[in-house]
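S.K.: Before I ask anything, here is the structure I am working with.
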Amino acid sequence: MKKYFLTLGLVAVTATPAFAEGVYIFGDLGQSKIEVDYADRSETNTSYSFGLGYALNKTFALELGYRDLGDIKLYRDEYGTGVADGSAIQLSLLAKYPVNDKVNVFGRLGFAGVTFDSHYKYFSNNFSEDYSHSDEQNKSLVGVGAEYILNEHLSLRAEYNHYGKYDQLETSTLSVGAVYSF
């Protein structure tokens with residue numbers, strides 16, 4: 001699934017001159033929170049994303065992006081350790097509402113191909129055994145945010161996103177970033 005989204009992104013970037021008006025790139029940095037139901041634990045990690053967007057009009061835009069969700073220790077005891085590392089390829093629709101000529105608020109609705117790579121290391125009889133597993137699921141994505149327009153090409157953005165429950169993992173992000181419009 002990731003290969004298809006990355007290919008679509010590459011095609012969109014190479015075709016950018018053909019439809020440059022309305023095209024923008026974005027990136028952000030923030031915190032992700034991953035919660036595990038069965039272990040009753042949560043961890044906060046650094047999260048980042050980058051991607052490509054296309055403004056359909058002043059109200060709606062489509063975005064394709066990659067987000068690193070961070071990792072969470074699933075367990076650690078005398079028998080071994082387990083860590084899950086998450087990422088997402090996401091496609092979403094943004095609906096903007098202008099508060100004034102410099103500030104927009106927006107809602108996000110979409111889906112994400114969320115992948116968690118799990119790494120396990122078991123200790124036994126003076127040697128260790130490693131095991132890893134990767135699992136991908138398509139999940140819903142909802143978010144809210146605000147955008148401050150600096151000039152016709154550059155704006156700043158703050159947003160909160162929540163991803164659909166992934167087995168017994170629940171993930172959300174809070175980030176700030178920039179948008180550059182061509």
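Residue names in the structure tokens use chain letters A, B, ... in the order shown, residue numbers from 1 in each chain, and ligand numbers from 1 in the order shown.
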Name the residues in contact with Ser181 of chain A at a cut-off of 9 Å, using only C-alpha atoms, excluding same-chain residues fewer than 2 positions from it; report them as a list of chain:residue names.
M.R.: A:Ala20, A:Glu21, A:Gly22, A:Val23, A:Tyr24, A:Ile25, A:Phe26, A:Gly53, A:Glu152, A:His153, A:Leu154, A:Ser155, A:Val179
S.K.: When DSSP works through the backbone of this structure, what residues of chain A end up as strand (DSSP E or B), shown as a ChimeraX atom specification?
M.R.: /A:23-36,41-55,60-77,80-98,103-124,127-149,154-166,169-181
S.K.: Mind pulling up the distance from atom CA of Thr173 of chain A to atom CA of His119 of chain A?
M.R.: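 So the answer is 22.6 Å.
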S.K.: Under the rule that only C-alpha atoms are counted, which of A:Asp101, A:Asp77, A:Asp68, A:Glu63 is the nearest residue to Thr46 of chain A?
M.R.: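 Smallest separation from Thr46 of chain A among the options: A:Asp68.
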S.K.: For Ser132 of chain A, please output as number ranges by chain all residues within 9 Å (counting only C-alpha atoms; exclusion window: fewer than 3 positions along the same chain).
M.R.: A: 117-121
S.K.: Hey, can you check how far atom CA of Tyr160 of chain A sits from atom CA of Lys33 of chain A?
M.R.: 11.1 Å
S.K.: Let me make sure I understand: among A:Gly51, A:Gly164, A:Gly177, A:Gly110, which one has the smallest atom-to-atom distance to Glu147 of chain A if we use only C-alpha atoms?
M.R.: A:Gly177
S.K.: Counting only C-alpha atoms, which residue out of A:Asn100, A:Gln31, A:Ser87, A:Ser175 sits closest to Ile149 of chain A?
M.R.: A:Asn100
S.K.: Using DSSP secondary structure from the backbone, list all helix (DSSP H, G or I) positions within segment 14-179 of chain A, as an MDAnalysis selection string.
M.R.: chainID A and resid 14 16:19
S.K.: Could you save those same residues with N, CA and C atoms as a compact mmCIF listing (two decimals), in the first residue's frame?
M.R.:
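Below is the file out-v6.txt, written as the result:
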```txt
# COMPACT_ATOMS: atom_id res chain seq x y z
N THR A 14 5.93 15.44 -9.96
CA THR A 14 6.45 15.67 -11.30
C THR A 14 5.43 16.39 -12.19
N THR A 16 3.47 18.72 -11.04
CA THR A 16 3.18 19.99 -10.37
C THR A 16 3.19 21.19 -11.31
N PRO A 17 4.16 21.33 -12.22
CA PRO A 17 4.11 22.51 -13.11
C PRO A 17 2.83 22.59 -13.94
N ALA A 18 2.23 21.47 -14.25
CA ALA A 18 1.02 21.48 -15.07
C ALA A 18 -0.18 22.06 -14.33
N PHE A 19 -0.19 21.95 -13.02
CA PHE A 19 -1.32 22.48 -12.25
C PHE A 19 -0.82 23.18 -10.99
```
S.K.: Please provide the set of residues having any atom within 10 Å of Leu62 of chain A, restricted to only C-alpha atoms, with same-chain residues fewer than 6 positions apart removed, written as a PyMOL selection string.
M.R.: chain A and resi 23+52-56+91-95+108-110
S.K.: Env of Tyr97 of chain A: 12 Å cut, atoms = only C-alpha atoms, seq-sep filter 6 positions within chain, self excluded. Answer as a list in words.
M.R.: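 Residues near the query, excluding close chain neighbours: Asn57, Lys58, Thr59, Phe60, Ala61, Val103, Asn104, Val105, Phe106, Gly107, Arg108, Val144, Gly145, Ala146 and Glu147 of chain A.
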S.K.: Restricting the calculation to only C-alpha atoms, which member of A:Ser134, A:Ser140, A:Thr171, A:Ser32 is positioned closest to Val83 of chain A?
M.R.: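 The closest residue to Val83 of chain A is A:Ser134.
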